[in-house]
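Worksheet: the structure to be examined is printed underneath.
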Amino acid sequence: MDAIVKVLNLRKRYGAVEAVRDLSFSVQAGEIFGILGPNGAGKTTTLEIIEGLRRADGGEAHVAGIDVHADPQSVKAVIGVQLQEAGFFDRLTVEETINLFGAFHRQRLPAAPLMKSLELTEKRRALVETLSGGQRQRLSLALALVNDPKVLFLDEPTTGLDPQARRHLWSTIEAIRKDGRTIVMTTHYMEEAQRLCDRVAVLDHGQILALGTPADLVRQHAGTSTVALALESADADLRGITGVEEVSQSNGDLRLHTRDPLGTLHAVVEMRRTGQLRYRSLRLEEPTLEDVFLTLTGRRLRE
Amino acid sequence: MRAFAAMLATSIKTYVRNRGAVFFGVAFPLILMGMIGVAFGGRDTIQFTISFVDEGNPQVATPLLTGLRQVPVFRIVEESRASALAQLKEGDRSLVVVIPARGTTLEAFYDSSQEQSSRTALMILERFVAEANLRVSGAPALLRVTSSPIAGERVRFFDFLLPGILAMTIAQTGLLGVAPAIAEMRERLLLKRVMATPVPPLAFLGGLLGRNTLVQFLQGVIILLMGMLVFGAQVHGSLLQMGVLALLGALAFFGIGFAVSSLSRTAETANLFGSVIFFPMMFLSGTFWPREFMPEAIRPLIAYLPLSPLVDAMRGVSALGEPLGQFGGAILYLLGWTAAAFVIAVRRFRWE
């Protein structure tokens, strides 16, 4: 498949702050591409340049073969944009809002199926100001989809939602992808990136630190898995256990950092049977994108 | 075009659903009109001070002045020509009437900077003179006032007040309605959401302008009807010309409101900024009483306010039955404000 979004050497500066520094990446048609980074990393600026909302100081961005800089209006016609915290006309109903934004496009989808797929049908006559946070986000998605876009840009789609609404939105986003749309999204929730994204770019201070599938990133940058034991007693050389590279203790747990989690697990279970190790419980902790970020920057995502 | 129509329909819907806006647009001006009417209208209107210069014709002067002293809106002063004209220049006289030693043609002087109150006074004077002539039963007109003839109907206080209230409502909707509304759309990132679609900004803003114009028009019609039905006000001039003026005013104050929104960071600032402009202007521009009631020192400044030409023209057409063409200068001046406001608004416009 060909790249549907291409970004080359993008730069943007606000005064003394370099928000985006020489950013390059491309997004394949049909994938969910995540931009993961802490607040202020340049995620929103990057997205808004590609969406034709901001001018870059340098570099290029193409969406579906259209140069964003040269023809932002044509780009806006083929993409759907969900902005962070953007408002609505409070005194309009859900259906009126969708129809209004439909009228802003040459090509538009009818409101009824859109509301159905986003589970807004029963709220169609409700004024927007009465909607819950999750419903507002789904309406925002409906507005982004109303022109049947090729590429959907979602800026922190689940920020501010409770866990249940967040999971609900995740399945909605997955369903949208199944319709054959490409999705580019930003997030600072590593679970979200891990669950939804085919590929993730880790962004910090306007630069891409790493780019790949979540699994690849974890393998390359997050280091070892951990077998955590609530240890009672040990009568063995813990460092000699299969795969173990390092041993540490925290919160009363014995933590075995391992390159071979299955081998280590097997050995630990066997040692319990033979009485060399006594422990109340055992847990395997796989590294996550959070650890990737920690390794790459020395900071946590939500600091 | 579809975007424009949708935007127009939408903003009308959101307006109608906003009870506060409807109240301020229609009920507030009417209540104000009622209150001012009760406060001032009961004393049978404003007063005009008229100087009479008798150049030695007591046969005419004595009955005329005796009669005129019965007219409650007139304060009659007899003085020398020099003193009268000096007072007129000072702005302390609405009219100076010279009764010549011979002949029956009265000569009236007025200060063109105070045209409005002078014309009103003159009209009442003419009416009085016409009645006086009639009372001399059948005889050919004894007295005539030389001055441009005006449709000679009695100007009641509400006739005078109604066009002022109409002009005030137009300015109010622009400064207290449009300005915070656009600023709020920006503050709540609604404008940004719109900008993320390919809709041309002109279609979007045009929809807002169209809504404002329509709303202004409907408000005006309601206030006009209520003014006529409840307060008995009369429109002496052309309704069509009033409509044209209302349209020009709506455009001008949309522009000014839009400029205020572009110059304000938040909706709250826009509201404050709009109020700071609107409320003093409402009192100063002669919406409720003639501008001649204002201290002379600030009168030239008041004439520069954008509401002043609108009040003058609407009052001239509505209360005095004057043709629109007479207010070409005022209209041009208002158009100048309109153009300047739109230039500032568009230049300083930000989507977020």
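Residues are named by chain letter and number: chains run A, B, ... in the order of the structure tokens, numbers start at 1 in each chain, and ligands are numbered from 1 in the order shown.
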Exercise: Glu51 in chain A partners within 8 Å, only C-alpha atoms, chain neighbours under 5 positions left out, as a VMD selection string: (chain A and resid 68 72 75 to 76 79 81 153) or (chain B and resid 196)
For Met1 in chain B: contacts at 12 Å, only C-alpha atoms, fewer than 4 positions along chain excluded, given as a PyMOL selection string: (chain A and resi 103-106) or (chain B and resi 5-8+199-204+206-207)
Expected answer as a ChimeraX atom specification: strand (DSSP E or B) residues in range 72-267 of chain B: /B:74-78,95-99,105-109,144-146
What are the closest atom pairs, with distances in Å to one decimal, for all residues of chain B lying within 9 Å of chain A? Consider only C-alpha atoms, order rows by chain and residue number, and present the result as JSON lines.
{"residue": "B:Arg2", "atom": "CA", "partner": "A:Ala103", "partner_atom": "CA", "distance": 6.0}
{"residue": "B:Ala3", "atom": "CA", "partner": "A:Phe104", "partner_atom": "CA", "distance": 5.0}
{"residue": "B:Phe4", "atom": "CA", "partner": "A:Phe104", "partner_atom": "CA", "distance": 8.6}
{"residue": "B:Ala5", "atom": "CA", "partner": "A:Ala103", "partner_atom": "CA", "distance": 8.7}
{"residue": "B:Ala6", "atom": "CA", "partner": "A:Leu100", "partner_atom": "CA", "distance": 5.9}
{"residue": "B:Met7", "atom": "CA", "partner": "A:Leu100", "partner_atom": "CA", "distance": 7.0}
{"residue": "B:Thr10", "atom": "CA", "partner": "A:Leu100", "partner_atom": "CA", "distance": 7.3}
{"residue": "B:Ser11", "atom": "CA", "partner": "A:Phe89", "partner_atom": "CA", "distance": 8.9}
{"residue": "B:Lys13", "atom": "CA", "partner": "A:Leu92", "partner_atom": "CA", "distance": 7.6}
{"residue": "B:Thr14", "atom": "CA", "partner": "A:Arg91", "partner_atom": "CA", "distance": 5.2}
{"residue": "B:Tyr15", "atom": "CA", "partner": "A:Arg91", "partner_atom": "CA", "distance": 8.4}
{"residue": "B:Arg17", "atom": "CA", "partner": "A:Arg91", "partner_atom": "CA", "distance": 6.5}
{"residue": "B:Asn18", "atom": "CA", "partner": "A:Arg91", "partner_atom": "CA", "distance": 7.6}
{"residue": "B:Met185", "atom": "CA", "partner": "A:Gly87", "partner_atom": "CA", "distance": 7.8}
{"residue": "B:Glu187", "atom": "CA", "partner": "A:Gly87", "partner_atom": "CA", "distance": 8.8}
{"residue": "B:Arg188", "atom": "CA", "partner": "A:Gly87", "partner_atom": "CA", "distance": 5.1}
{"residue": "B:Leu189", "atom": "CA", "partner": "A:Ala86", "partner_atom": "CA", "distance": 4.7}
{"residue": "B:Leu190", "atom": "CA", "partner": "A:Gly87", "partner_atom": "CA", "distance": 4.8}
{"residue": "B:Leu191", "atom": "CA", "partner": "A:Gly87", "partner_atom": "CA", "distance": 8.5}
{"residue": "B:Lys192", "atom": "CA", "partner": "A:Ala86", "partner_atom": "CA", "distance": 7.3}
{"residue": "B:Arg193", "atom": "CA", "partner": "A:Ala86", "partner_atom": "CA", "distance": 6.2}
{"residue": "B:Val194", "atom": "CA", "partner": "A:Phe101", "partner_atom": "CA", "distance": 7.9}
{"residue": "B:Met195", "atom": "CA", "partner": "A:Leu53", "partner_atom": "CA", "distance": 7.3}
{"residue": "B:Ala196", "atom": "CA", "partner": "A:Lys76", "partner_atom": "CA", "distance": 6.4}
{"residue": "B:Thr197", "atom": "CA", "partner": "A:Lys76", "partner_atom": "CA", "distance": 5.5}
{"residue": "B:Pro198", "atom": "CA", "partner": "A:Gln73", "partner_atom": "CA", "distance": 5.1}
{"residue": "B:Val199", "atom": "CA", "partner": "A:Phe104", "partner_atom": "CA", "distance": 4.9}
{"residue": "B:Pro200", "atom": "CA", "partner": "A:Phe104", "partner_atom": "CA", "distance": 8.4}
{"residue": "B:Phe204", "atom": "CA", "partner": "A:Phe104", "partner_atom": "CA", "distance": 8.8}
Residues just named, written with C-alpha atoms as a PDB file, in the first residue's frame:
ATOM      1  CA  ARG B   2     -25.435  25.769   0.756  1.00  0.00           C
ATOM      2  CA  ALA B   3     -23.045  26.494   3.581  1.00  0.00           C
ATOM      3  CA  PHE B   4     -24.322  30.071   3.758  1.00  0.00           C
ATOM      4  CA  ALA B   5     -27.949  28.950   3.853  1.00  0.00           C
ATOM      5  CA  ALA B   6     -27.233  26.314   6.495  1.00  0.00           C
ATOM      6  CA  MET B   7     -25.307  28.801   8.588  1.00  0.00           C
ATOM      7  CA  THR B  10     -28.617  27.595  12.149  1.00  0.00           C
ATOM      8  CA  SER B  11     -27.873  30.959  13.601  1.00  0.00           C
ATOM      9  CA  LYS B  13     -32.409  28.757  15.289  1.00  0.00           C
ATOM     10  CA  THR B  14     -29.813  29.396  17.942  1.00  0.00           C
ATOM     11  CA  TYR B  15     -31.017  32.988  18.276  1.00  0.00           C
ATOM     12  CA  ARG B  17     -33.668  29.431  21.290  1.00  0.00           C
ATOM     13  CA  ASN B  18     -31.751  32.053  23.210  1.00  0.00           C
ATOM     14  CA  MET B 185     -17.366  31.082  19.215  1.00  0.00           C
ATOM     15  CA  GLU B 187     -13.022  31.157  22.699  1.00  0.00           C
ATOM     16  CA  ARG B 188     -14.864  27.844  22.671  1.00  0.00           C
ATOM     17  CA  LEU B 189     -12.927  26.750  19.571  1.00  0.00           C
ATOM     18  CA  LEU B 190     -16.108  26.574  17.555  1.00  0.00           C
ATOM     19  CA  LEU B 191     -14.553  28.805  14.904  1.00  0.00           C
ATOM     20  CA  LYS B 192     -11.568  26.470  14.796  1.00  0.00           C
ATOM     21  CA  ARG B 193     -13.859  23.501  14.269  1.00  0.00           C
ATOM     22  CA  VAL B 194     -15.443  25.340  11.368  1.00  0.00           C
ATOM     23  CA  MET B 195     -12.053  26.288   9.973  1.00  0.00           C
ATOM     24  CA  ALA B 196     -11.136  22.607   9.873  1.00  0.00           C
ATOM     25  CA  THR B 197     -13.801  22.155   7.193  1.00  0.00           C
ATOM     26  CA  PRO B 198     -13.415  23.498   3.651  1.00  0.00           C
ATOM     27  CA  VAL B 199     -16.229  26.034   4.182  1.00  0.00           C
ATOM     28  CA  PRO B 200     -15.207  29.465   2.846  1.00  0.00           C
ATOM     29  CA  PHE B 204     -19.741  31.308   7.450  1.00  0.00           C
TER      30      PHE B 204
END
Atom pair CA of Arg265 in chain B / CA of Ala345 in chain B: separation (Å): 13.0 Å
Minimum-distance residue to Leu125 in chain B, chosen among B:Thr104, B:Thr338, B:Thr287, B:Ser94 (using only C-alpha atoms): B:Ser94
Env of Leu282 in chain A: 12 Å cut, atoms = only C-alpha atoms, seq-sep filter 3 positions within chain, self excluded. Answer as a CSV table (one decimal) with C-alpha atoms, in the first residue's frame.
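Result saved to part.csv:
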chain,number,residue,atom,x,y,z
A,226,THR,CA,9.8,-8.9,35.0
A,227,VAL,CA,8.7,-11.9,37.0
A,228,ALA,CA,7.5,-10.6,40.4
A,229,LEU,CA,7.3,-12.9,43.3
A,230,ALA,CA,5.8,-12.3,46.7
A,231,LEU,CA,8.7,-14.1,48.3
A,232,GLU,CA,8.6,-16.0,51.6
A,253,ASP,CA,8.3,-8.2,45.9
A,254,LEU,CA,11.3,-9.9,44.5
A,255,ARG,CA,11.7,-8.7,40.9
A,256,LEU,CA,13.5,-10.9,38.4
A,264,THR,CA,12.1,-17.9,33.9
A,265,LEU,CA,8.5,-18.6,34.7
A,266,HIS,CA,9.0,-22.3,34.1
A,268,VAL,CA,10.5,-20.5,39.1
A,269,VAL,CA,7.5,-22.8,39.2
A,272,ARG,CA,8.7,-23.9,44.1
A,277,LEU,CA,11.7,-21.1,46.5
A,278,ARG,CA,8.7,-20.3,48.6
A,279,TYR,CA,6.3,-17.5,47.5
A,285,GLU,CA,5.0,-7.9,34.0
Within 8 Å of range 271-286 of chain B, counting only C-alpha atoms, which residues show up once you throw out same-chain ones fewer than 3 positions away? Write them as an mmCIF file with C-alpha atoms, in the first residue's frame, please.
data_model
loop_
_atom_site.group_PDB
_atom_site.id
_atom_site.type_symbol
_atom_site.label_atom_id
_atom_site.label_comp_id
_atom_site.auth_asym_id
_atom_site.auth_seq_id
_atom_site.Cartn_x
_atom_site.Cartn_y
_atom_site.Cartn_z
ATOM 1 C CA GLY B 164 -34.312 56.744 18.545
ATOM 2 C CA MET B 168 -30.521 52.174 19.706
ATOM 3 C CA ALA B 171 -26.531 49.432 17.886
ATOM 4 C CA GLN B 172 -27.290 47.262 20.899
ATOM 5 C CA LEU B 175 -22.339 45.729 20.225
ATOM 6 C CA LEU B 176 -23.926 43.571 22.909
ATOM 7 C CA ALA B 179 -19.456 41.129 19.549
ATOM 8 C CA PRO B 180 -19.591 38.636 22.445
ATOM 9 C CA GLY B 257 -19.531 44.448 16.830
ATOM 10 C CA VAL B 260 -14.948 44.585 18.864
ATOM 11 C CA SER B 264 -11.114 41.199 22.359
ATOM 12 C CA ALA B 267 -16.141 36.719 25.169
ATOM 13 C CA GLU B 268 -16.158 38.458 28.526
ATOM 14 C CA TRP B 289 -33.694 63.289 23.922
ATOM 15 C CA PRO B 290 -32.229 65.813 21.516
ATOM 16 C CA ARG B 291 -28.462 66.004 21.509
ATOM 17 C CA MET B 294 -25.984 67.619 26.154
ATOM 18 C CA ILE B 302 -21.023 63.312 20.056
ATOM 19 C CA ALA B 303 -21.695 64.088 16.432
ATOM 20 C CA LEU B 305 -20.321 58.749 17.246
ATOM 21 C CA LEU B 307 -24.989 56.095 16.329
ATOM 22 C CA SER B 308 -25.557 59.834 15.851
ATOM 23 C CA VAL B 311 -30.450 58.468 14.962
#
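Rounded to one decimal, CA of Arg273 in chain A and CA of Ala234 in chain A lie 12.6 Å from each other.
With only C-alpha atoms as the basis for measurement, B:Phe128 is the residue among B:Ile31, B:Phe217, B:Phe128, B:Ile36 that approaches Arg69 in chain B most closely.
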Distance query range 5-21 of chain A at most 7 Å, only C-alpha atoms, self and fewer than 2 positions along chain excluded, as a ChimeraX atom specification: /A:3,23-27,42,46,56-64,205-207
How about saving the chosen residues, N, CA and C atoms kept, as a CSV table (one decimal), in the first residue's frame?
chain,number,residue,atom,x,y,z
A,3,ALA,N,1.7,5.3,0.8
A,3,ALA,CA,1.5,6.2,1.9
A,3,ALA,C,0.5,7.2,1.6
A,23,LEU,N,10.5,17.1,11.4
A,23,LEU,CA,9.7,15.8,11.6
A,23,LEU,C,9.4,15.2,10.3
A,24,SER,N,9.7,13.9,10.2
A,24,SER,CA,9.4,13.1,8.9
A,24,SER,C,8.7,11.8,9.3
A,25,PHE,N,7.6,11.5,8.7
A,25,PHE,CA,7.1,10.1,8.8
A,25,PHE,C,6.0,10.0,7.7
A,26,SER,N,5.6,8.7,7.5
A,26,SER,CA,4.5,8.6,6.6
A,26,SER,C,3.5,7.5,7.1
A,27,VAL,N,2.3,7.7,6.7
A,27,VAL,CA,1.2,6.8,7.2
A,27,VAL,C,0.7,6.0,6.0
A,42,GLY,N,4.5,18.6,21.0
A,42,GLY,CA,4.3,19.0,19.6
A,42,GLY,C,3.3,18.2,18.8
A,46,THR,N,1.8,19.3,15.2
A,46,THR,CA,2.1,18.5,14.0
A,46,THR,C,0.8,18.2,13.3
A,56,ALA,N,3.4,25.5,8.4
A,56,ALA,CA,4.7,25.1,8.9
A,56,ALA,C,5.7,26.2,8.5
A,57,ASP,N,6.8,26.3,9.3
A,57,ASP,CA,7.9,27.2,8.9
A,57,ASP,C,8.8,26.6,7.9
A,58,GLY,N,8.7,25.3,7.8
A,58,GLY,CA,9.5,24.6,6.8
A,58,GLY,C,9.1,23.1,6.6
A,59,GLY,N,9.5,22.5,5.5
A,59,GLY,CA,9.1,21.1,5.3
A,59,GLY,C,7.8,21.0,4.5
A,60,GLU,N,7.4,19.8,4.3
A,60,GLU,CA,6.3,19.5,3.5
A,60,GLU,C,5.3,18.5,4.1
A,61,ALA,N,4.1,18.6,3.8
A,61,ALA,CA,3.1,17.6,4.2
A,61,ALA,C,2.2,17.3,3.0
A,62,HIS,N,1.9,16.1,2.7
A,62,HIS,CA,1.0,15.7,1.7
A,62,HIS,C,0.0,14.8,2.3
A,63,VAL,N,-1.3,15.0,1.9
A,63,VAL,CA,-2.4,14.1,2.3
A,63,VAL,C,-3.1,13.6,1.0
A,64,ALA,N,-3.2,12.3,0.8
A,64,ALA,CA,-3.8,11.8,-0.4
A,64,ALA,C,-3.3,12.5,-1.7
A,205,HIS,N,9.6,16.9,22.7
A,205,HIS,CA,10.2,18.1,22.3
A,205,HIS,C,10.3,18.3,20.7
A,206,GLY,N,9.2,17.9,20.1
A,206,GLY,CA,9.1,18.1,18.7
A,206,GLY,C,9.9,17.2,17.8
A,207,GLN,N,10.4,16.1,18.4
A,207,GLN,CA,11.2,15.2,17.6
A,207,GLN,C,10.7,13.8,17.7
Every residue of range 63-299 of chain A that DSSP places in helix (DSSP H, G or I), as a PyMOL selection string: chain A and resi 72-78+94-103+111-117+121-123+128-130+133-145+163-178+190-196+214-221+238-240+261-273+289-297
Straight-line distance linking CA of Ile12 in chain B with CA of Arg211 in chain B, stated in Å to one decimal: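 It comes out at 5.8 Å.
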Selection: 10 Å around Val346 in chain B, only C-alpha atoms, excl. self and same-chain fewer than 5 positions, as a ChimeraX atom specification: /B:255,258-259,262,341
Next, the residues of the selection above should be written as a PDB file, in the first residue's frame with N, CA and C atoms.
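Dumped everything to selection.pdb:
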ATOM      1  N   GLY B 255     -20.645  45.275  11.711  1.00  0.00           N
ATOM      2  CA  GLY B 255     -19.212  45.505  11.485  1.00  0.00           C
ATOM      3  C   GLY B 255     -18.518  45.961  12.753  1.00  0.00           C
ATOM      4  N   PHE B 258     -18.357  43.133  15.195  1.00  0.00           N
ATOM      5  CA  PHE B 258     -17.384  42.174  14.687  1.00  0.00           C
ATOM      6  C   PHE B 258     -15.966  42.677  15.004  1.00  0.00           C
ATOM      7  N   ALA B 259     -15.748  43.973  14.792  1.00  0.00           N
ATOM      8  CA  ALA B 259     -14.431  44.552  15.094  1.00  0.00           C
ATOM      9  C   ALA B 259     -14.131  44.428  16.587  1.00  0.00           C
ATOM     10  N   SER B 262     -13.056  41.009  17.318  1.00  0.00           N
ATOM     11  CA  SER B 262     -11.696  40.727  16.843  1.00  0.00           C
ATOM     12  C   SER B 262     -10.640  41.347  17.745  1.00  0.00           C
ATOM     13  N   ALA B 341     -14.859  49.609  10.242  1.00  0.00           N
ATOM     14  CA  ALA B 341     -15.068  48.513  11.194  1.00  0.00           C
ATOM     15  C   ALA B 341     -14.757  47.171  10.546  1.00  0.00           C
TER      16      ALA B 341
END
Spatial neighbours of Phe24 in chain B, max dist 10 Å, only C-alpha atoms, sep filter under 2 positions, as a ChimeraX atom specification: /B:19-22,26-31,169,172-173,176-177,219
